[in-house]
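Here's protein_30.txt, which has compact mmCIF, C-alpha atoms:
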```txt
# COMPACT_ATOMS: atom_id res chain seq x y z
CA MET C 1263 -3.41 -16.35 5.79
CA LYS C 1264 -6.25 -15.90 8.25
CA ASN C 1265 -8.79 -18.62 7.90
CA ASP C 1266 -11.80 -16.84 9.38
CA ASN C 1267 -14.34 -14.59 7.68
CA THR C 1268 -14.06 -11.57 9.97
CA VAL C 1269 -12.95 -8.13 8.85
CA GLU C 1270 -11.30 -5.30 10.79
CA PHE C 1271 -11.64 -1.58 10.04
CA THR C 1272 -12.22 1.79 11.72
CA TYR C 1273 -15.69 3.13 12.30
CA LEU C 1274 -16.03 6.85 12.94
CA ARG C 1275 -18.82 8.96 14.35
CA SER C 1276 -18.28 12.64 13.59
CA ILE C 1277 -19.61 15.59 15.58
CA SER C 1278 -20.80 17.12 12.30
CA LEU C 1279 -22.58 15.93 9.16
CA LEU C 1280 -20.30 14.01 6.78
CA THR C 1281 -22.35 12.77 3.86
CA MET C 1282 -23.60 14.60 0.79
CA ARG C 1283 -26.77 16.63 1.25
CA PHE C 1284 -29.51 16.77 -1.35
CA SER C 1285 -32.27 19.36 -1.39
CA LEU C 1286 -34.87 20.60 -3.82
CA LYS C 1287 -34.79 23.94 -5.60
CA GLY C 1288 -37.89 23.96 -7.73
CA LYS C 1289 -37.66 20.74 -9.70
CA ASP C 1290 -33.87 20.54 -9.49
CA ILE C 1291 -31.92 18.62 -6.89
CA ILE C 1292 -29.11 20.65 -5.37
CA THR C 1293 -26.13 18.60 -4.18
CA ARG C 1294 -23.92 19.86 -1.41
CA ALA C 1295 -20.65 18.06 -0.92
CA PRO C 1296 -19.60 16.57 2.43
CA MET C 1297 -18.57 19.03 5.10
CA TYR C 1298 -15.04 19.31 6.38
CA PHE C 1299 -14.33 16.70 9.05
CA ARG C 1300 -13.03 18.18 12.28
CA GLU C 1301 -13.58 15.82 15.15
CA GLY C 1302 -15.22 12.55 16.05
CA ILE C 1303 -14.95 9.30 17.96
CA ALA C 1304 -13.19 6.39 16.26
CA HIS C 1305 -13.84 2.74 17.07
CA HIS C 1306 -11.96 -0.37 16.04
CA HIS C 1307 -14.47 -2.79 14.52
CA ARG C 1308 -14.09 -6.52 14.03
CA ILE C 1309 -17.18 -8.12 12.55
CA ASP C 1310 -18.19 -10.96 10.30
CA PHE C 1311 -17.73 -9.84 6.69
CA GLU C 1312 -21.19 -11.19 5.84
CA SER C 1313 -22.78 -8.72 8.27
CA LEU C 1314 -20.96 -5.65 6.88
CA PRO C 1315 -23.78 -4.60 4.47
CA GLU C 1316 -26.26 -4.69 7.34
CA LEU C 1317 -24.00 -2.48 9.46
CA MET C 1318 -23.64 -0.02 6.55
CA ASP C 1319 -27.39 0.13 5.99
CA GLY C 1320 -27.82 1.22 9.59
CA MET C 1321 -25.26 4.01 9.45
CA ALA C 1322 -26.26 7.66 9.79
CA GLU C 1323 -25.19 10.83 7.94
CA TYR C 1324 -22.48 11.64 10.47
CA GLU C 1325 -20.84 8.21 10.37
CA ALA C 1326 -18.19 6.75 8.07
CA ILE C 1327 -15.72 3.89 7.90
CA MET C 1328 -12.02 3.84 7.06
CA ALA C 1329 -10.27 0.72 5.77
CA GLY C 1330 -7.19 1.37 7.94
CA VAL C 1331 -7.10 0.42 11.61
CA MET C 1332 -5.78 2.16 14.73
CA SER C 1333 -2.81 0.88 16.69
CA GLY C 1334 -3.53 -1.01 19.88
CA LYS C 1335 -7.13 -1.69 18.85
CA LEU C 1336 -8.52 1.45 20.46
CA PHE C 1337 -12.20 1.69 21.21
CA GLY C 1338 -13.93 5.04 21.43
CA ALA C 1339 -10.83 7.17 20.84
CA PRO C 1340 -11.23 10.87 20.01
CA CYS C 1341 -10.20 11.35 16.38
CA LEU C 1342 -9.08 14.69 14.92
CA ASN C 1343 -8.02 15.97 11.55
CA ASN C 1344 -4.30 16.77 11.43
CA ALA C 1345 -4.93 20.47 10.83
CA GLU C 1346 -7.19 20.77 13.87
CA TYR C 1347 -4.53 19.11 16.02
CA VAL C 1348 -1.80 21.50 14.83
CA ARG C 1349 -4.09 24.45 15.60
CA MET H 810 -6.45 10.37 20.84
CA VAL H 811 -5.80 9.49 17.20
CA LEU H 812 -5.21 11.70 14.18
CA ARG H 813 -6.49 11.06 10.69
CA SER H 814 -3.04 10.24 9.34
CA THR H 815 -1.15 7.09 8.36
CA GLY H 816 0.83 7.35 11.60
CA TYR H 817 -2.33 6.46 13.53
CA ILE H 818 -4.64 4.80 11.02
CA ASN H 819 -3.00 2.38 8.61
CA HIS H 820 -3.16 -1.11 7.14
CA GLU H 821 0.15 -2.37 8.51
CA GLN H 822 -1.05 -2.66 12.11
CA ASN H 823 -4.07 -4.75 11.12
CA LEU H 824 -3.22 -8.30 12.18
CA GLY H 825 -6.61 -9.67 11.13
CA ASN H 826 -8.41 -9.55 7.81
CA GLY H 827 -8.68 -6.18 6.08
CA LEU H 828 -11.16 -4.42 3.86
CA ILE H 829 -10.41 -3.32 0.30
CA ILE H 830 -12.78 -0.52 -0.67
CA LEU H 831 -12.90 0.20 -4.40
CA ASN H 832 -14.73 3.35 -5.42
CA ILE H 833 -16.18 3.10 -8.91
CA PHE H 834 -17.10 6.71 -9.44
CA GLU H 835 -19.20 8.61 -11.95
CA PRO H 836 -16.84 9.43 -14.82
CA SER H 837 -16.85 12.65 -16.82
CA GLU H 838 -19.42 13.23 -19.52
CA GLY H 839 -19.52 10.81 -22.42
CA ARG H 840 -18.29 7.84 -20.39
CA ARG H 841 -20.45 5.23 -18.74
CA VAL H 842 -20.01 3.63 -15.35
CA MET H 843 -19.00 -0.01 -15.75
CA PRO H 844 -21.86 -2.02 -14.15
CA PRO H 845 -20.84 -3.97 -11.01
CA GLU H 846 -21.38 -7.40 -12.58
CA GLU H 847 -19.13 -6.40 -15.48
CA PHE H 848 -16.51 -5.05 -13.09
CA TYR H 849 -16.62 -8.32 -11.13
CA ALA H 850 -16.08 -10.29 -14.34
CA LEU H 851 -13.10 -8.06 -15.10
CA LEU H 852 -11.60 -8.73 -11.64
CA CYS H 853 -12.02 -12.47 -12.26
CA LYS H 854 -10.14 -12.04 -15.53
CA ILE H 855 -7.28 -10.08 -13.95
CA ILE H 856 -6.95 -12.08 -10.70
CA PRO H 857 -6.80 -15.89 -11.06
CA GLY H 858 -9.18 -17.62 -8.60
CA PHE H 859 -11.07 -14.42 -7.73
CA GLU H 860 -14.40 -16.25 -8.15
CA ALA H 861 -14.09 -17.67 -4.63
CA VAL H 862 -13.11 -14.40 -2.93
CA SER H 863 -15.68 -12.86 -0.57
CA CYS H 864 -16.87 -9.55 -2.00
CA PHE H 865 -19.96 -7.47 -2.61
CA SER H 866 -20.94 -4.22 -4.32
CA ARG H 867 -23.18 -1.48 -2.97
CA LYS H 868 -24.55 1.76 -4.45
CA SER H 869 -22.84 5.02 -3.55
CA SER H 870 -24.71 7.70 -1.65
CA SER H 871 -25.57 9.88 -4.68
CA SER H 872 -26.61 6.84 -6.75
CA ARG H 873 -29.32 6.16 -4.20
CA VAL H 874 -31.04 9.45 -5.01
CA LYS H 875 -33.35 8.17 -7.73
CA ALA H 876 -33.84 11.39 -9.67
CA LEU H 877 -30.09 11.96 -10.10
CA ASN H 878 -29.90 8.81 -12.23
CA LYS H 879 -26.33 8.04 -11.22
CA ASN H 880 -24.66 4.64 -11.18
CA ALA H 881 -21.53 4.97 -9.06
CA TYR H 882 -20.91 2.23 -6.48
CA ARG H 883 -18.37 0.72 -4.09
CA PHE H 884 -16.87 -2.74 -4.29
CA TYR H 885 -15.84 -4.32 -0.97
CA ILE H 886 -13.34 -7.19 -0.88
CA LEU H 887 -12.22 -9.20 2.15
CA THR H 888 -8.44 -9.57 2.28
CA SER H 889 -6.13 -11.67 4.43
CA THR H 890 -3.18 -9.33 3.70
CA PRO H 891 -4.24 -5.81 4.77
CA SER H 892 -0.70 -4.43 4.49
CA GLY H 893 -0.94 -5.03 0.73
CA ILE H 894 -4.14 -2.99 0.23
CA SER H 895 -2.47 0.25 -0.94
CA ASP H 896 -0.25 -1.53 -3.49
CA PHE H 897 -3.23 -3.60 -4.62
CA ILE H 898 -5.33 -0.51 -5.43
CA ILE H 899 -2.48 1.31 -7.17
CA THR H 900 -1.53 -1.74 -9.25
CA LEU H 901 -5.15 -2.49 -10.13
CA SER H 902 -5.62 1.11 -11.24
CA LYS H 903 -2.66 0.74 -13.62
CA LYS H 904 -3.78 -2.71 -14.82
CA LEU H 905 -7.09 -1.22 -15.88
CA TRP H 906 -5.18 0.96 -18.35
CA VAL H 907 -3.73 -2.07 -20.12
CA VAL H 908 -6.20 -4.89 -19.60
CA GLY H 909 -8.44 -4.25 -22.58
CA PRO H 910 -8.28 -2.76 -26.05
CA GLU H 911 -7.43 0.96 -26.13
CA GLU H 912 -10.86 2.00 -27.39
CA LYS H 913 -12.53 0.68 -24.22
CA GLU H 914 -10.55 3.21 -22.18
CA LEU H 915 -10.72 1.73 -18.68
CA GLY H 916 -7.93 4.20 -17.95
CA TYR H 917 -8.08 7.73 -19.30
CA ILE H 918 -7.02 11.32 -18.73
CA ASP H 919 -9.53 13.95 -17.69
CA ILE H 920 -8.98 17.67 -17.99
CA ALA H 921 -9.44 19.72 -14.84
CA LYS H 922 -11.11 23.13 -15.03
CA ASP H 923 -7.71 24.82 -15.07
CA GLY H 924 -6.59 22.66 -18.01
CA THR H 925 -4.30 20.32 -16.07
CA TYR H 926 -4.37 16.57 -16.66
CA LEU H 927 -6.00 14.16 -14.21
CA GLU H 928 -5.12 10.48 -14.49
CA ARG H 929 -8.21 8.34 -14.05
CA SER H 930 -9.26 4.73 -14.24
CA VAL H 931 -12.50 2.91 -13.53
CA ILE H 932 -11.54 2.96 -9.84
CA ASP H 933 -10.56 5.92 -7.67
CA SER H 934 -6.95 5.30 -6.63
CA ALA H 935 -7.34 7.74 -3.70
CA MET H 936 -8.96 4.86 -1.79
CA GLU H 937 -5.47 3.43 -1.23
CA ILE H 938 -5.15 5.96 1.61
CA PRO H 939 -6.03 4.01 4.79
CA TYR H 940 -7.84 6.93 6.45
CA GLN H 941 -9.95 7.82 3.41
CA PHE H 942 -13.60 8.03 4.43
CA ASP H 943 -16.28 5.80 2.98
CA PHE H 944 -19.64 7.40 3.73
CA CYS H 945 -21.90 4.39 3.88
CA GLY H 946 -24.93 6.00 5.50
CA ASP H 947 -28.19 6.95 3.84
CA PRO H 948 -27.95 10.09 1.71
CA TYR H 949 -29.08 13.15 3.65
CA VAL H 950 -32.10 14.54 1.83
CA VAL H 951 -34.22 17.59 2.50
CA GLY H 952 -37.71 17.66 1.00
CA ASP H 953 -39.56 15.14 -1.11
CA ILE H 954 -36.62 13.29 -2.67
CA GLU H 955 -36.92 9.55 -3.30
CA VAL H 956 -34.07 7.42 -1.97
CA THR H 957 -33.60 3.85 -3.21
CA LYS H 958 -32.15 0.89 -1.30
CA SER H 959 -28.41 0.30 -1.14
CA GLY H 960 -28.59 -2.47 -3.75
CA VAL H 961 -26.10 -4.92 -2.25
CA ILE H 962 -24.95 -7.64 -4.66
CA TRP H 963 -22.91 -10.55 -3.31
CA TYR H 964 -20.41 -12.36 -5.53
CA GLY H 965 -17.97 -14.88 -4.00
CA ARG H 966 -18.38 -15.86 -0.33
CA GLU H 967 -15.74 -18.47 0.31
CA ARG H 968 -12.42 -16.92 1.30
CA ALA H 969 -10.33 -13.79 1.79
CA LEU H 970 -8.10 -12.49 -0.98
CA ASP H 971 -4.33 -12.45 -0.65
CA CYS H 972 -3.38 -9.11 -2.21
CA ASN H 973 -0.37 -10.83 -3.81
CA GLU H 974 -2.77 -12.81 -6.00
CA LEU H 975 -3.02 -9.73 -8.19
CA PRO H 976 -0.13 -10.22 -10.64
CA LYS H 977 2.45 -7.41 -10.62
CA MET H 978 2.72 -5.15 -13.66
CA THR H 979 5.04 -6.77 -16.18
CA GLU H 980 7.64 -4.78 -18.11
CA LYS H 981 5.46 -5.06 -21.21
CA GLU H 982 2.40 -3.80 -19.31
CA ASN H 983 4.37 -0.87 -17.86
CA LEU H 984 5.44 0.15 -21.35
CA LEU H 985 1.89 -0.14 -22.66
CA TYR H 986 0.60 1.89 -19.70
CA LYS H 987 3.13 4.65 -20.43
CA ASN H 988 2.36 4.65 -24.17
CA ARG H 989 -1.41 4.77 -23.65
CA LYS H 990 -1.08 7.64 -21.21
CA GLU H 991 1.09 9.58 -23.65
CA ALA H 992 -1.33 8.91 -26.50
CA CYS H 993 -4.20 10.06 -24.30
CA VAL H 994 -2.40 13.29 -23.39
CA ASN H 995 -1.55 13.97 -27.04
CA ARG H 996 -5.19 13.54 -28.06
CA ILE H 997 -6.41 16.15 -25.59
CA ALA H 998 -3.42 18.54 -25.54
CA SER H 999 -5.06 21.29 -27.61
CA GLU H 1000 -8.30 21.09 -25.63
CA SER H 1001 -6.30 21.26 -22.40
CA GLY H 1002 -4.53 24.41 -23.67
CA ARG H 1003 -7.84 26.01 -24.58
CA ILE H 1004 -9.34 25.27 -21.15
CA SER H 1005 -6.19 26.52 -19.43
CA ASP H 1006 -6.38 29.85 -21.33
CA LEU H 1007 -10.05 30.28 -20.45
CA PHE H 1008 -9.33 29.54 -16.80
CA LEU H 1009 -6.60 32.20 -16.68
CA ILE H 1010 -8.88 34.78 -18.26
CA LYS H 1011 -11.62 33.96 -15.74
CA LYS H 1012 -9.27 34.18 -12.75
CA CYS H 1013 -7.79 37.45 -14.03
CA GLU H 1014 -11.30 38.93 -14.35
CA GLU H 1015 -12.12 37.80 -10.81
CA PHE H 1016 -8.91 39.38 -9.52
CA LYS H 1017 -9.65 42.69 -11.21
CA PHE H 1018 -13.20 42.70 -9.87
CA VAL H 1019 -12.09 41.99 -6.28
CA GLU H 1020 -9.30 44.58 -6.31
CA LEU H 1021 -11.37 47.28 -8.00
CA THR H 1022 -14.23 46.69 -5.56
CA LYS H 1023 -11.78 47.19 -2.68
CA LEU H 1024 -10.50 50.44 -4.20
CA VAL H 1025 -13.99 51.77 -4.88
CA ASN H 1026 -15.17 50.93 -1.37
CA SER H 1027 -12.11 52.36 0.36
CA LYS H 1028 -11.82 55.66 -1.53
CA PRO H 1029 -14.98 57.72 -2.00
CA GLY H 1030 -15.14 59.17 -5.50
CA PHE H 1031 -12.51 56.74 -6.82
CA LYS H 1032 -12.59 56.45 -10.62
CA ILE H 1033 -11.59 53.30 -12.47
CA THR H 1034 -9.26 54.11 -15.36
CA ASP H 1035 -7.83 51.94 -18.15
CA GLU H 1036 -4.41 52.45 -16.62
CA ILE H 1037 -5.46 50.96 -13.28
CA VAL H 1038 -7.13 48.03 -15.02
CA SER H 1039 -4.06 47.26 -17.10
CA GLU H 1040 -1.82 47.56 -14.01
CA LEU H 1041 -3.96 44.94 -12.30
CA GLU H 1042 -3.77 42.71 -15.38
CA GLU H 1043 0.04 42.99 -15.32
CA GLU H 1044 0.11 42.18 -11.61
CA PHE H 1045 -2.02 39.09 -12.16
CA LYS H 1046 0.16 37.87 -15.05
CA MET H 1047 3.32 38.31 -12.99
CA GLU H 1048 1.95 36.41 -9.98
CA ASP H 1049 0.40 33.66 -12.09
CA HIS H 1050 3.61 33.10 -14.00
CA TYR H 1051 5.47 32.25 -10.83
CA SER H 1052 2.96 29.87 -9.27
CA TRP H 1053 3.79 26.19 -9.35
CA LEU H 1054 2.00 22.86 -9.43
CA SER H 1055 2.69 19.28 -8.46
CA ASP H 1056 0.66 16.09 -8.80
CA ASP H 1057 -0.81 16.19 -5.33
CA MET H 1058 -0.45 19.81 -4.31
CA THR H 1059 -0.88 23.23 -5.87
CA GLU H 1060 0.42 26.50 -4.55
CA LEU H 1061 -2.09 29.27 -5.11
CA HIS H 1062 -0.49 32.60 -5.99
CA PRO H 1063 -1.37 35.83 -4.13
CA ALA H 1064 -3.65 37.16 -6.90
CA PHE H 1065 -5.76 33.98 -6.98
CA VAL H 1066 -9.36 34.67 -5.91
CA LEU H 1067 -11.11 32.32 -3.46
CA HIS H 1068 -14.88 32.13 -3.06
CA PHE H 1069 -16.04 31.46 0.50
CA ASN H 1070 -19.39 30.00 1.47
CA ASP H 1071 -20.35 33.05 3.47
CA GLY H 1072 -20.24 35.20 0.33
CA ARG H 1073 -16.72 36.61 0.64
CA SER H 1074 -14.60 36.58 -2.52
CA VAL H 1075 -11.04 37.48 -1.61
CA THR H 1076 -7.52 37.02 -2.94
CA VAL H 1077 -4.99 34.65 -1.44
CA ALA H 1078 -3.04 37.74 -0.35
CA ASP H 1079 -6.10 38.90 1.65
CA VAL H 1080 -6.31 35.51 3.40
CA VAL H 1081 -2.58 35.52 4.17
CA LYS H 1082 -2.93 38.95 5.79
CA ASN H 1083 -5.65 37.75 8.18
CA PRO H 1084 -5.80 33.94 8.28
CA GLU H 1085 -7.77 33.75 11.53
CA ALA H 1086 -10.71 35.45 9.82
CA PHE H 1087 -10.96 32.48 7.46
CA HIS H 1088 -9.90 29.51 9.56
CA GLY H 1089 -12.36 26.63 9.31
CA CYS H 1090 -14.51 28.41 6.73
CA THR H 1091 -15.77 26.35 3.81
CA LEU H 1092 -15.26 27.52 0.27
CA ALA H 1093 -15.55 26.40 -3.32
CA ASP H 1094 -12.68 24.25 -4.54
CA PRO H 1095 -10.16 26.80 -5.90
CA ILE H 1096 -9.93 25.02 -9.25
CA GLU H 1097 -13.02 22.88 -9.72
CA GLY H 1098 -15.47 25.26 -8.05
CA ASP H 1099 -16.40 28.84 -8.92
CA SER H 1100 -18.31 31.75 -7.43
CA ASN H 1101 -21.57 30.09 -8.41
CA SER H 1102 -20.79 26.86 -6.62
CA ARG H 1103 -19.64 28.14 -3.27
CA GLY H 1104 -19.38 25.53 -0.58
CA THR H 1105 -18.07 22.82 -2.81
CA GLU H 1106 -15.89 20.60 -0.76
CA CYS H 1107 -13.27 22.80 0.90
CA ALA H 1108 -11.99 24.10 4.16
CA ILE H 1109 -9.13 26.39 4.96
CA PHE H 1110 -6.98 25.74 7.95
CA HIS H 1111 -4.10 27.32 9.77
CA ASN H 1112 -0.96 25.30 10.05
CA GLY H 1113 2.00 26.72 11.92
CA ASN H 1114 4.58 24.46 10.32
CA GLU H 1115 3.50 24.29 6.70
CA GLY H 1116 1.94 27.71 6.20
CA LEU H 1117 -1.67 28.20 5.25
CA GLY H 1118 -3.51 25.61 3.27
CA ILE H 1119 -6.80 24.43 1.89
CA ARG H 1120 -7.81 20.82 2.07
CA SER H 1121 -10.34 19.82 -0.54
CA MET H 1122 -12.40 16.76 -1.36
CA ARG H 1123 -11.35 17.17 -4.99
CA ILE H 1124 -10.08 13.91 -6.54
CA GLY H 1125 -10.68 12.17 -3.26
CA GLY H 1126 -8.45 14.55 -1.32
CA TYR H 1127 -6.28 17.44 -2.46
CA HIS H 1128 -4.13 20.03 -0.76
CA TYR H 1129 -3.56 23.61 -1.80
CA SER H 1130 -0.92 25.73 -0.16
CA LEU H 1131 -1.08 29.52 -0.20
CA ALA H 1132 1.86 31.61 -1.38
CA MET H 1133 2.95 33.76 1.53
CA MET H 1134 4.48 36.60 -0.45
CA LYS H 1135 3.69 38.48 -3.63
CA TYR H 1136 6.28 38.00 -6.33
CA VAL H 1137 7.03 41.74 -6.40
CA ASP H 1138 7.78 41.59 -2.66
CA VAL H 1139 10.05 38.58 -3.19
CA LEU H 1140 11.97 40.61 -5.81
CA LYS H 1141 12.23 43.56 -3.42
CA CYS H 1142 13.60 41.29 -0.68
CA ASP H 1143 16.14 39.81 -3.09
CA LEU H 1144 17.32 43.27 -4.12
CA GLU H 1145 17.57 44.39 -0.50
CA TRP H 1146 19.54 41.29 0.41
CA GLU H 1147 21.93 41.83 -2.52
CA LYS H 1148 22.48 45.45 -1.46
CA GLN H 1149 23.31 44.45 2.10
CA THR H 1150 25.51 41.47 1.21
CA PRO H 1151 26.93 42.12 -2.29
CA HIS H 1152 29.89 39.73 -1.86
CA LYS H 1153 27.58 36.82 -1.00
CA ALA H 1154 25.40 37.56 -3.99
CA LEU H 1155 28.43 37.42 -6.26
CA GLU H 1156 29.54 34.10 -4.82
CA THR H 1157 26.21 32.52 -5.61
```
Representation of the structure as structure tokens:
Amino acid sequence: MKNDNTVEFTYLRSISLLTMRFSLKGKDIITRAPMYFREGIAHHHRIDFESLPELMDGMAEYEAIMAGVMSGKLFGAPCLNNAEYVR
Amino acid sequence: MVLRSTGYINHEQNLGNGLIILNIFEPSEGRRVMPPEEFYALLCKIIPGFEAVSCFSRKSSSSRVKALNKNAYRFYILTSTPSGISDFIITLSKKLWVVGPEEKELGYIDIAKDGTYLERSVIDSAMEIPYQFDFCGDPYVVGDIEVTKSGVIWYGRERALDCNELPKMTEKENLLYKNRKEACVNRIASESGRISDLFLIKKCEEFKFVELTKLVNSKPGFKITDEIVSELEEEFKMEDHYSWLSDDMTELHPAFVLHFNDGRSVTVADVVKNPEAFHGCTLADPIEGDSNSRGTECAIFHNGNEGLGIRSMRIGGYHYSLAMMKYVDVLKCDLEWEKQTPHKALET
């Protein structure tokens, strides 16, 4: 058991918008689901768990995290969807 | 370079502390979202000593859009055993089916728009996938839409959770889980059948419309007759009958109509004929979306090894494959093969 309070995960910055988009049509809010992820840059993050909410609050619409981590603790590695790689 | 797959991004190679992300999503109509404080109390009941575990909850992106009045959220837990995260989420999802009285329904079965059953619980079990995205950023809004703060609530702050602290499902719990699922399916079986029939009728109508439009556009003066319409209905029934489903993948038959974002409505057979014309294009989810909700969650891609497919955000990630041949063509091939090699056909 690790006795520190740090947490490790993968942080990704996509080249395209990832989050849901909300716009107005008259009085109604139209929701558009996240776009298909194609390509981005993945970073291995190790931060204090207490500071995770602050990091999340500062994230933009083209950023996301993944709970899994990359082998060899890569920093700034190009990240592709499987399908894009096969193509 | 890394790929978004478990070969590159996983929990096993994390030698430090890991992050459990629980997605408490907006359930179908008539069900409420369990408030985060209540969910935390439930975790404390299921996992002995959970009170001291470092964790917090935070509103989901859509819940931060005030006018939508949604209450979905994420629950983040620090864990000292990242390799146990997937098992933890799957086991917790099952535990929620058996932890309370049946009427509270922390586990339940939803009906998809094609009438198939979707196993659900308070949490989204798709988050067990290590490369599943968690979009933490501010919701992207256009126009005068009020966005609220992320609403972080801290609970314990003392230590990381060992995933093994969640007790395994006992034999008794497994039996109860199975019985409750069966009871749930039995309760909604007739409704599922009704929805399935309606879905087939809708898809058949779409198929007829697409095929007739093609005929009218390609042959000047073409007249639609009852005979042509009933031939198309027969073709749809034959193709649909031979499509197949599995829990995590559906094969879409050649007569299945897809609705692309750019306005094209085409059959699977049309896409198979010219896949490059559709590669990377977004479209409505083949089952959950329809022609009025184009752009919901999908993309089609070209894969040399596995044929053509559509990856969707449905149920946290879903894959559709496309049938490469019409059933009538498969039959023709079989007949041709039997003619050429009659002795082999007899042996089989």
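Our summary of the geometry notes that atom CA of Cys972 of chain H is positioned 21.2 Å from atom CA of Arg867 of chain H.
Pairwise distance (atom CA of Leu985 of chain H, atom CA of Gly1002 of chain H) equals 25.4 Å.
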Practice item. Step by step: start from the point (-14.3, 0.7, 23.2) in the file's coordinates, keep every protein, DNA or RNA residue that has an atom no farther than 8 Å from it, count all atoms listed in the file, and write the set as a PyMOL selection string. Key: chain C and resi 1305-1306+1336-1339
Point to revise | Selected residue, from H:Asn995, H:Ile938, H:Val908, H:Leu901, that lies nearest to Tyr926 of chain H when counting only C-alpha atoms | key: H:Asn995
Check your understanding: What residues in chain H lie within 7 Å of chain C, counting all atoms listed in the file, written as a PyMOL selection string?
Key -> chain H and resi 810-814+817-820+822-823+825-829+887+889+939-952+1105-1108+1110-1112
**Study point:** Neighbours of point (-5.0, 39.3, -9.6) within 8 Å, using only C-alpha atoms, written as number ranges by chain
**Key:** H: 1012-1017, 1020, 1041-1042, 1044-1046, 1048, 1063-1066, 1076
Check your understanding: Leaving out Asp919 of chain H and any residue of its chain fewer than 3 positions from it, which residues lie within 9 Å of it when counting all atoms listed in the file, given as a VMD selection string?
Key -> chain H and resid 837 925 to 929 997
Fewer than 2 positions away in the same chain doesn't count, so skip those; otherwise give me all residues within 9 Å of Val874 of chain H, counting all atoms listed in the file, as an mmCIF file with C-alpha atoms, in the coordinates of the input.
```cif
data_model
loop_
_atom_site.group_PDB
_atom_site.id
_atom_site.type_symbol
_atom_site.label_atom_id
_atom_site.label_comp_id
_atom_site.auth_asym_id
_atom_site.auth_seq_id
_atom_site.Cartn_x
_atom_site.Cartn_y
_atom_site.Cartn_z
ATOM 1 C CA PHE C 1284 -29.510 16.770 -1.350
ATOM 2 C CA SER H 870 -24.710 7.700 -1.650
ATOM 3 C CA SER H 871 -25.570 9.880 -4.680
ATOM 4 C CA SER H 872 -26.610 6.840 -6.750
ATOM 5 C CA ALA H 876 -33.840 11.390 -9.670
ATOM 6 C CA LEU H 877 -30.090 11.960 -10.100
ATOM 7 C CA ASN H 878 -29.900 8.810 -12.230
ATOM 8 C CA LYS H 879 -26.330 8.040 -11.220
ATOM 9 C CA PRO H 948 -27.950 10.090 1.710
ATOM 10 C CA VAL H 950 -32.100 14.540 1.830
ATOM 11 C CA ILE H 954 -36.620 13.290 -2.670
ATOM 12 C CA GLU H 955 -36.920 9.550 -3.300
ATOM 13 C CA VAL H 956 -34.070 7.420 -1.970
ATOM 14 C CA THR H 957 -33.600 3.850 -3.210
#
```
Exercise for review: Fewer than 4 positions away in the same chain doesn't count, so skip those; otherwise give me all residues within 12 Å of Leu851 of chain H, counting only C-alpha atoms, as a count of residues only.
Suggested key: 17
Check your understanding: In Å, how far is it from atom CA of Asp1006 of chain H to atom CA of Gly916 of chain H?
Key -> 25.9 Å
Because some atoms of segment 932-942 of chain H are absent here, can you restore N, CA and C atoms and send them as a compact mmCIF listing (two decimals), in the coordinates of the input?
```
# COMPACT_ATOMS: atom_id res chain seq x y z
N ILE H 932 -11.51 2.82 -11.30
CA ILE H 932 -11.54 2.96 -9.84
C ILE H 932 -10.81 4.24 -9.41
N ASP H 933 -11.19 4.72 -8.23
CA ASP H 933 -10.56 5.92 -7.67
C ASP H 933 -9.36 5.48 -6.84
N SER H 934 -8.15 5.79 -7.33
CA SER H 934 -6.95 5.30 -6.63
C SER H 934 -6.74 5.98 -5.27
N ALA H 935 -7.48 7.06 -5.00
CA ALA H 935 -7.34 7.74 -3.70
C ALA H 935 -7.76 6.82 -2.54
N MET H 936 -8.52 5.76 -2.85
CA MET H 936 -8.96 4.86 -1.79
C MET H 936 -7.82 4.02 -1.22
N GLU H 937 -6.62 4.14 -1.80
CA GLU H 937 -5.47 3.43 -1.23
C GLU H 937 -5.06 4.05 0.11
N ILE H 938 -5.49 5.29 0.35
CA ILE H 938 -5.15 5.96 1.61
C ILE H 938 -5.97 5.32 2.73
N PRO H 939 -5.30 4.80 3.77
CA PRO H 939 -6.03 4.01 4.79
C PRO H 939 -7.05 4.80 5.59
N TYR H 940 -6.87 6.15 5.67
CA TYR H 940 -7.84 6.93 6.45
C TYR H 940 -8.87 7.64 5.57
N GLN H 941 -8.94 7.24 4.31
CA GLN H 941 -9.95 7.82 3.41
C GLN H 941 -11.34 7.39 3.89
N PHE H 942 -12.25 8.35 3.96
CA PHE H 942 -13.60 8.03 4.43
C PHE H 942 -14.40 7.29 3.37
```
